[in-house]
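Pasted below: query-v6.cif, mmCIF, N, CA and C atoms.
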data_entry
loop_
_atom_site.group_PDB
_atom_site.id
_atom_site.type_symbol
_atom_site.label_atom_id
_atom_site.label_comp_id
_atom_site.auth_asym_id
_atom_site.auth_seq_id
_atom_site.Cartn_x
_atom_site.Cartn_y
_atom_site.Cartn_z
ATOM 1 N N MET A 273 112.023 77.550 126.132
ATOM 2 C CA MET A 273 111.343 78.073 127.287
ATOM 3 C C MET A 273 110.275 79.074 126.825
ATOM 4 N N ALA A 274 109.042 78.896 127.268
ATOM 5 C CA ALA A 274 107.928 79.755 126.865
ATOM 6 C C ALA A 274 107.992 81.082 127.593
ATOM 7 N N LYS A 275 107.651 82.129 126.840
ATOM 8 C CA LYS A 275 107.647 83.458 127.452
ATOM 9 C C LYS A 275 106.322 83.697 128.149
ATOM 10 N N GLU A 276 106.346 84.526 129.130
ATOM 11 C CA GLU A 276 105.156 84.845 129.907
ATOM 12 C C GLU A 276 104.249 85.799 129.129
ATOM 13 N N PHE A 277 102.943 85.539 129.132
ATOM 14 C CA PHE A 277 101.961 86.401 128.455
ATOM 15 C C PHE A 277 101.811 87.692 129.247
ATOM 16 N N LYS A 278 101.945 88.826 128.553
ATOM 17 C CA LYS A 278 101.836 90.129 129.213
ATOM 18 C C LYS A 278 100.611 90.848 128.651
ATOM 19 N N PRO A 279 99.500 90.804 129.395
ATOM 20 C CA PRO A 279 98.244 91.348 128.872
ATOM 21 C C PRO A 279 98.289 92.849 128.592
ATOM 22 N N VAL A 280 98.993 93.619 129.376
ATOM 23 C CA VAL A 280 99.056 95.066 129.157
ATOM 24 C C VAL A 280 99.731 95.360 127.816
ATOM 25 N N ARG A 281 100.840 94.710 127.568
ATOM 26 C CA ARG A 281 101.555 94.908 126.308
ATOM 27 C C ARG A 281 100.686 94.482 125.122
ATOM 28 N N PHE A 282 99.987 93.358 125.286
ATOM 29 C CA PHE A 282 99.121 92.851 124.227
ATOM 30 C C PHE A 282 98.023 93.861 123.881
ATOM 31 N N PHE A 283 97.331 94.395 124.894
ATOM 32 C CA PHE A 283 96.230 95.326 124.640
ATOM 33 C C PHE A 283 96.731 96.672 124.112
ATOM 34 N N VAL A 284 97.883 97.098 124.528
ATOM 35 C CA VAL A 284 98.457 98.344 123.988
ATOM 36 C C VAL A 284 98.788 98.154 122.511
ATOM 37 N N LEU A 285 99.388 97.043 122.152
ATOM 38 C CA LEU A 285 99.717 96.786 120.752
ATOM 39 C C LEU A 285 98.457 96.616 119.895
ATOM 40 N N MET A 286 97.444 95.953 120.431
ATOM 41 C CA MET A 286 96.184 95.804 119.687
ATOM 42 C C MET A 286 95.502 97.171 119.501
ATOM 43 N N GLY A 287 95.542 97.997 120.517
ATOM 44 C CA GLY A 287 94.979 99.343 120.404
ATOM 45 C C GLY A 287 95.723 100.175 119.373
ATOM 46 N N LEU A 288 97.032 100.085 119.356
ATOM 47 C CA LEU A 288 97.830 100.807 118.371
ATOM 48 C C LEU A 288 97.541 100.310 116.959
ATOM 49 N N ALA A 289 97.429 99.016 116.794
ATOM 50 C CA ALA A 289 97.110 98.459 115.471
ATOM 51 C C ALA A 289 95.728 98.914 115.010
ATOM 52 N N ALA A 290 94.742 98.907 115.909
ATOM 53 C CA ALA A 290 93.393 99.357 115.554
ATOM 54 C C ALA A 290 93.397 100.843 115.181
ATOM 55 N N PHE A 291 94.167 101.640 115.899
ATOM 56 C CA PHE A 291 94.272 103.071 115.606
ATOM 57 C C PHE A 291 94.844 103.295 114.208
ATOM 58 N N ILE A 292 95.868 102.564 113.854
ATOM 59 C CA ILE A 292 96.492 102.705 112.534
ATOM 60 C C ILE A 292 95.528 102.269 111.432
ATOM 61 N N VAL A 293 94.860 101.153 111.614
ATOM 62 C CA VAL A 293 93.907 100.650 110.604
ATOM 63 C C VAL A 293 92.761 101.642 110.414
ATOM 64 N N CYS A 294 92.223 102.156 111.503
ATOM 65 C CA CYS A 294 91.127 103.135 111.395
ATOM 66 C C CYS A 294 91.600 104.426 110.728
ATOM 67 N N GLY A 295 92.791 104.860 111.057
ATOM 68 C CA GLY A 295 93.342 106.059 110.427
ATOM 69 C C GLY A 295 93.505 105.892 108.930
ATOM 70 N N LEU A 296 93.982 104.751 108.492
ATOM 71 C CA LEU A 296 94.116 104.496 107.059
ATOM 72 C C LEU A 296 92.757 104.443 106.366
ATOM 73 N N ALA A 297 91.784 103.839 107.022
ATOM 74 C CA ALA A 297 90.443 103.773 106.434
ATOM 75 C C ALA A 297 89.849 105.167 106.267
ATOM 76 N N VAL A 298 90.015 106.012 107.256
ATOM 77 C CA VAL A 298 89.510 107.389 107.169
ATOM 78 C C VAL A 298 90.237 108.159 106.078
ATOM 79 N N PHE A 299 91.546 107.990 105.994
ATOM 80 C CA PHE A 299 92.325 108.701 104.970
ATOM 81 C C PHE A 299 91.842 108.358 103.568
ATOM 82 N N TYR A 300 91.712 107.074 103.264
ATOM 83 C CA TYR A 300 91.309 106.678 101.919
ATOM 84 C C TYR A 300 89.840 106.978 101.647
ATOM 85 N N THR A 301 88.996 106.936 102.656
ATOM 86 C CA THR A 301 87.593 107.293 102.459
ATOM 87 C C THR A 301 87.462 108.777 102.169
ATOM 88 N N HIS A 302 88.171 109.598 102.922
ATOM 89 C CA HIS A 302 88.107 111.047 102.703
ATOM 90 C C HIS A 302 88.711 111.424 101.353
ATOM 91 N N ARG A 303 89.771 110.745 100.988
ATOM 92 C CA ARG A 303 90.428 111.029 99.708
ATOM 93 C C ARG A 303 89.494 110.723 98.537
ATOM 94 N N ALA A 304 88.721 109.671 98.660
ATOM 95 C CA ALA A 304 87.830 109.262 97.581
ATOM 96 C C ALA A 304 86.516 110.039 97.573
ATOM 97 N N ALA A 305 86.298 110.894 98.547
ATOM 98 C CA ALA A 305 85.037 111.633 98.613
ATOM 99 C C ALA A 305 84.865 112.575 97.430
ATOM 100 N N HIS A 306 85.959 113.018 96.847
ATOM 101 C CA HIS A 306 85.891 113.958 95.727
ATOM 102 C C HIS A 306 86.266 113.315 94.408
ATOM 103 N N GLY A 307 86.134 112.024 94.323
ATOM 104 C CA GLY A 307 86.410 111.328 93.072
ATOM 105 C C GLY A 307 87.367 110.185 93.265
ATOM 106 N N ARG A 308 87.197 109.179 92.462
ATOM 107 C CA ARG A 308 88.033 107.979 92.564
ATOM 108 C C ARG A 308 89.335 108.125 91.775
ATOM 109 N N THR A 309 89.307 108.879 90.683
ATOM 110 C CA THR A 309 90.500 108.992 89.846
ATOM 111 C C THR A 309 91.175 110.346 90.066
ATOM 112 N N ALA A 310 92.417 110.426 89.657
ATOM 113 C CA ALA A 310 93.154 111.689 89.783
ATOM 114 C C ALA A 310 92.511 112.772 88.929
ATOM 115 N N GLU A 311 92.018 112.404 87.762
ATOM 116 C CA GLU A 311 91.381 113.380 86.885
ATOM 117 C C GLU A 311 90.114 113.948 87.522
ATOM 118 N N GLU A 312 89.347 113.081 88.156
ATOM 119 C CA GLU A 312 88.098 113.521 88.780
ATOM 120 C C GLU A 312 88.379 114.429 89.972
ATOM 121 N N ARG A 313 89.413 114.111 90.747
ATOM 122 C CA ARG A 313 89.771 114.977 91.871
ATOM 123 C C ARG A 313 90.278 116.326 91.375
ATOM 124 N N ALA A 314 91.032 116.326 90.282
ATOM 125 C CA ALA A 314 91.506 117.586 89.715
ATOM 126 C C ALA A 314 90.335 118.411 89.193
ATOM 127 N N ALA A 315 89.384 117.775 88.540
ATOM 128 C CA ALA A 315 88.205 118.482 88.034
ATOM 129 C C ALA A 315 87.373 119.035 89.187
ATOM 130 N N TYR A 316 87.285 118.292 90.281
ATOM 131 C CA TYR A 316 86.551 118.771 91.458
ATOM 132 C C TYR A 316 87.197 120.048 91.988
ATOM 133 N N GLU A 317 88.506 120.025 92.093
ATOM 134 C CA GLU A 317 89.231 121.199 92.593
ATOM 135 C C GLU A 317 89.048 122.398 91.662
ATOM 136 N N ILE A 318 89.107 122.169 90.364
ATOM 137 C CA ILE A 318 88.910 123.240 89.394
ATOM 138 C C ILE A 318 87.490 123.793 89.500
ATOM 139 N N GLY A 319 86.512 122.910 89.618
ATOM 140 C CA GLY A 319 85.122 123.339 89.756
ATOM 141 C C GLY A 319 84.885 124.103 91.041
ATOM 142 N N GLU A 320 85.530 123.684 92.110
ATOM 143 C CA GLU A 320 85.382 124.372 93.386
ATOM 144 C C GLU A 320 85.961 125.781 93.310
ATOM 145 N N LYS A 321 87.135 125.921 92.709
ATOM 146 C CA LYS A 321 87.743 127.245 92.560
ATOM 147 C C LYS A 321 86.911 128.140 91.652
ATOM 148 N N ALA A 322 86.386 127.564 90.573
ATOM 149 C CA ALA A 322 85.545 128.353 89.665
ATOM 150 C C ALA A 322 84.268 128.790 90.366
ATOM 151 N N GLY A 323 83.710 127.934 91.193
ATOM 152 C CA GLY A 323 82.509 128.280 91.937
ATOM 153 C C GLY A 323 82.751 129.375 92.956
ATOM 154 N N GLU A 324 83.941 129.391 93.555
ATOM 155 C CA GLU A 324 84.275 130.438 94.514
ATOM 156 C C GLU A 324 84.420 131.789 93.829
ATOM 157 N N ARG A 325 84.940 131.794 92.618
ATOM 158 C CA ARG A 325 85.150 133.053 91.887
ATOM 159 C C ARG A 325 83.911 133.525 91.148
ATOM 160 N N ALA A 326 82.962 132.648 90.945
ATOM 161 C CA ALA A 326 81.775 132.988 90.159
ATOM 162 C C ALA A 326 80.824 133.867 90.986
ATOM 163 N N PRO A 327 80.046 134.724 90.312
ATOM 164 C CA PRO A 327 79.049 135.522 91.041
ATOM 165 C C PRO A 327 77.954 134.631 91.606
ATOM 166 N N ARG A 328 77.192 135.165 92.541
ATOM 167 C CA ARG A 328 76.180 134.362 93.231
ATOM 168 C C ARG A 328 75.108 133.816 92.294
ATOM 169 N N ASP A 329 74.787 134.515 91.239
ATOM 170 C CA ASP A 329 73.735 134.060 90.329
ATOM 171 C C ASP A 329 74.291 133.232 89.166
ATOM 172 N N ALA A 330 75.525 132.757 89.277
ATOM 173 C CA ALA A 330 76.159 131.989 88.203
ATOM 174 C C ALA A 330 75.467 130.639 88.027
ATOM 175 N N LYS A 331 75.423 130.203 86.800
ATOM 176 C CA LYS A 331 74.822 128.905 86.464
ATOM 177 C C LYS A 331 75.926 127.904 86.153
ATOM 178 N N LEU A 332 75.612 126.655 86.356
ATOM 179 C CA LEU A 332 76.530 125.572 86.037
ATOM 180 C C LEU A 332 76.717 125.508 84.522
ATOM 181 N N PRO A 333 77.955 125.338 84.056
ATOM 182 C CA PRO A 333 78.171 125.249 82.615
ATOM 183 C C PRO A 333 77.405 124.089 81.976
ATOM 184 N N THR A 334 77.068 124.262 80.718
ATOM 185 C CA THR A 334 76.368 123.203 79.992
ATOM 186 C C THR A 334 77.320 122.043 79.726
ATOM 187 N N ASP A 335 76.772 120.937 79.258
ATOM 188 C CA ASP A 335 77.605 119.764 78.960
ATOM 189 C C ASP A 335 78.635 120.067 77.875
ATOM 190 N N ALA A 336 78.245 120.852 76.885
ATOM 191 C CA ALA A 336 79.181 121.206 75.810
ATOM 192 C C ALA A 336 80.318 122.067 76.349
ATOM 193 N N GLU A 337 79.995 123.004 77.244
ATOM 194 C CA GLU A 337 81.040 123.841 77.832
ATOM 195 C C GLU A 337 81.972 123.017 78.721
ATOM 196 N N LEU A 338 81.395 122.085 79.460
ATOM 197 C CA LEU A 338 82.229 121.208 80.281
ATOM 198 C C LEU A 338 83.156 120.353 79.415
ATOM 199 N N ASN A 339 82.661 119.897 78.290
ATOM 200 C CA ASN A 339 83.480 119.102 77.374
ATOM 201 C C ASN A 339 84.635 119.933 76.830
ATOM 202 N N MET A 340 84.365 121.190 76.487
ATOM 203 C CA MET A 340 85.429 122.071 75.982
ATOM 204 C C MET A 340 86.468 122.342 77.073
ATOM 205 N N MET A 341 85.995 122.544 78.307
ATOM 206 C CA MET A 341 86.924 122.766 79.418
ATOM 207 C C MET A 341 87.777 121.527 79.658
ATOM 208 N N ALA A 342 87.169 120.357 79.576
ATOM 209 C CA ALA A 342 87.911 119.110 79.774
ATOM 210 C C ALA A 342 88.995 118.960 78.713
ATOM 211 N N GLN A 343 88.668 119.294 77.487
ATOM 212 C CA GLN A 343 89.661 119.205 76.411
ATOM 213 C C GLN A 343 90.808 120.184 76.656
ATOM 214 N N LYS A 344 90.484 121.380 77.135
ATOM 215 C CA LYS A 344 91.512 122.392 77.411
ATOM 216 C C LYS A 344 92.468 121.896 78.498
ATOM 217 N N TYR A 345 91.916 121.401 79.594
ATOM 218 C CA TYR A 345 92.764 120.919 80.679
ATOM 219 C C TYR A 345 93.519 119.657 80.288
ATOM 220 N N PHE A 346 92.923 118.821 79.455
ATOM 221 C CA PHE A 346 93.623 117.632 78.978
ATOM 222 C C PHE A 346 94.850 118.033 78.163
ATOM 223 N N LYS A 347 94.696 119.043 77.316
ATOM 224 C CA LYS A 347 95.834 119.505 76.514
ATOM 225 C C LYS A 347 96.908 120.138 77.390
ATOM 226 N N GLN A 348 96.494 120.852 78.449
ATOM 227 C CA GLN A 348 97.464 121.477 79.351
ATOM 228 C C GLN A 348 98.259 120.434 80.118
ATOM 229 N N ARG A 349 97.558 119.479 80.695
ATOM 230 C CA ARG A 349 98.215 118.500 81.563
ATOM 231 C C ARG A 349 98.858 117.379 80.763
ATOM 232 N N GLY A 350 98.223 116.998 79.672
ATOM 233 C CA GLY A 350 98.790 115.983 78.792
ATOM 234 C C GLY A 350 98.934 114.603 79.411
ATOM 235 N N SER A 351 98.203 114.323 80.458
ATOM 236 C CA SER A 351 98.309 113.004 81.076
ATOM 237 C C SER A 351 96.945 112.336 81.106
ATOM 238 N N GLY A 352 96.956 111.030 81.146
ATOM 239 C CA GLY A 352 95.703 110.290 81.192
ATOM 240 C C GLY A 352 95.097 110.134 79.806
ATOM 241 N N GLU A 353 93.849 109.712 79.794
ATOM 242 C CA GLU A 353 93.122 109.525 78.544
ATOM 243 C C GLU A 353 92.101 110.644 78.370
ATOM 244 N N LYS A 354 91.859 111.019 77.135
ATOM 245 C CA LYS A 354 90.908 112.091 76.864
ATOM 246 C C LYS A 354 89.515 111.724 77.370
ATOM 247 N N GLN A 355 89.122 110.494 77.180
ATOM 248 C CA GLN A 355 87.803 110.053 77.632
ATOM 249 C C GLN A 355 87.668 110.167 79.146
ATOM 250 N N SER A 356 88.722 109.843 79.878
ATOM 251 C CA SER A 356 88.650 109.933 81.339
ATOM 252 C C SER A 356 88.561 111.378 81.803
ATOM 253 N N TRP A 357 89.206 112.308 81.083
ATOM 254 C CA TRP A 357 89.075 113.733 81.424
ATOM 255 C C TRP A 357 87.651 114.201 81.179
ATOM 256 N N ASP A 358 87.047 113.795 80.079
ATOM 257 C CA ASP A 358 85.663 114.198 79.790
ATOM 258 C C ASP A 358 84.723 113.712 80.881
ATOM 259 N N GLN A 359 84.871 112.467 81.267
ATOM 260 C CA GLN A 359 84.010 111.907 82.297
ATOM 261 C C GLN A 359 84.296 112.539 83.660
ATOM 262 N N ALA A 360 85.559 112.848 83.925
ATOM 263 C CA ALA A 360 85.917 113.475 85.195
ATOM 264 C C ALA A 360 85.288 114.847 85.322
ATOM 265 N N PHE A 361 85.285 115.608 84.244
ATOM 266 C CA PHE A 361 84.675 116.930 84.306
ATOM 267 C C PHE A 361 83.167 116.830 84.454
ATOM 268 N N GLU A 362 82.597 115.814 83.874
ATOM 269 C CA GLU A 362 81.157 115.622 83.997
ATOM 270 C C GLU A 362 80.767 115.408 85.460
ATOM 271 N N ASN A 363 81.612 114.705 86.206
ATOM 272 C CA ASN A 363 81.311 114.402 87.607
ATOM 273 C C ASN A 363 81.983 115.374 88.575
ATOM 274 N N GLY A 364 83.281 115.484 88.488
ATOM 275 C CA GLY A 364 84.044 116.250 89.469
ATOM 276 C C GLY A 364 83.786 117.737 89.437
ATOM 277 N N TYR A 365 83.801 118.339 88.264
ATOM 278 C CA TYR A 365 83.597 119.786 88.157
ATOM 279 C C TYR A 365 82.217 120.162 88.668
ATOM 280 N N THR A 366 81.221 119.377 88.292
ATOM 281 C CA THR A 366 79.854 119.661 88.721
ATOM 282 C C THR A 366 79.733 119.592 90.240
ATOM 283 N N ASP A 367 80.322 118.577 90.858
ATOM 284 C CA ASP A 367 80.272 118.454 92.315
ATOM 285 C C ASP A 367 81.001 119.608 93.001
ATOM 286 N N GLY A 368 82.164 119.975 92.487
ATOM 287 C CA GLY A 368 82.923 121.083 93.075
ATOM 288 C C GLY A 368 82.202 122.405 92.941
ATOM 289 N N PHE A 369 81.587 122.629 91.794
ATOM 290 C CA PHE A 369 80.862 123.878 91.567
ATOM 291 C C PHE A 369 79.628 123.945 92.468
ATOM 292 N N LYS A 370 78.934 122.830 92.597
ATOM 293 C CA LYS A 370 77.723 122.802 93.423
ATOM 294 C C LYS A 370 78.043 122.971 94.911
ATOM 295 N N LYS A 371 79.239 122.640 95.313
ATOM 296 C CA LYS A 371 79.631 122.806 96.712
ATOM 297 C C LYS A 371 79.600 124.291 97.095
ATOM 298 N N THR A 372 80.039 125.142 96.192
ATOM 299 C CA THR A 372 80.066 126.571 96.463
ATOM 300 C C THR A 372 78.791 127.269 96.045
ATOM 301 N N HIS A 373 77.950 126.630 95.241
ATOM 302 C CA HIS A 373 76.663 127.174 94.808
ATOM 303 C C HIS A 373 75.562 126.146 95.110
ATOM 304 N N PRO A 374 75.203 125.976 96.376
ATOM 305 C CA PRO A 374 74.265 124.912 96.744
ATOM 306 C C PRO A 374 72.844 125.091 96.190
ATOM 307 N N GLN A 375 72.477 126.288 95.750
ATOM 308 C CA GLN A 375 71.128 126.494 95.236
ATOM 309 C C GLN A 375 70.931 125.871 93.863
ATOM 310 N N GLN A 376 71.972 125.430 93.211
ATOM 311 C CA GLN A 376 71.885 124.851 91.874
ATOM 312 C C GLN A 376 71.348 123.452 91.926
#

File written out as structure tokens:
Amino acid sequence: MAKEFKPVRFFVLMGLAAFIVCGLAVFYTHRAAHGRTAEERAAYEIGEKAGERAPRDAKLPTDAELNMMAQKYFKQRGSGEKQSWDQAFENGYTDGFKKTHPQQ
């Protein structure tokens, strides 16, 4: 015996499904805004904190200084690959620092 089609139930369920899909898309898009990898997101956070503590006339660290910082944090955390930490600091730290120092 066929069940009766209930349009209200159908549209409520479709609306709920669309809400969940959109919520997941926003979550992953926002999460990736500060880097695709865990190392890059960690470097972004470190750069943001350093930028908040730095004086207003502070300059962005040079590439050599960023490389030394990446090596230091790589040794502290001990996870991932050294090359990925270097690249993460090149991208993430710079973006985080520039967020708090937009004149750079």

- Query: For A:Asp335, which of A:Glu320, A:Ala310, A:Pro279, A:Glu362 is the closest residue, counting all atoms listed in the file?
  - Reply: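 Counting all atoms listed in the file, the residue closest to A:Asp335 is A:Glu362.
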
- Query: atom N of A:Phe346 and atom CA of A:Gly323, how far apart in Å?
  - Reply: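 Computing the Euclidean distance for atom CA of A:Gly323 and atom N of A:Phe346 yields 18.8 Å.
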
- Query: By how many Å are atom N of A:Ala360 and atom CA of A:Ala314 apart?
  - Reply: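 That distance, rounded to one decimal, is 9.6 Å.
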
- Name all residues at most 10 Å from A:Thr372 (count only C-alpha atoms; drop same-chain ones fewer than 3 positions away) and give them as a PyMOL selection string. chain A and resi 319-326+328+367-369+375-376

- Message: Please determine, counting only C-alpha atoms, which residue among A:Pro327, A:Phe282, A:Val293, A:Phe361 has the shortest atom-to-atom distance to A:Met341.
- Response: A:Phe361

- Coordinates-based distance that separates atom C of A:Asp358 from atom CA of A:Thr301 (Å, one decimal):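 Value for the atom CA of A:Thr301-atom C of A:Asp358 distance: 22.7 Å.
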
Six-sided padding of 6 Å per side, axis-aligned box over stretch 284-301 of chain A, centre and edges in Å, one decimal, as lines of an AutoDock Vina configuration file:
center_x = 93.6
center_y = 102.3
center_z = 113.1
size_x = 24.3
size_y = 25.0
size_z = 34.9
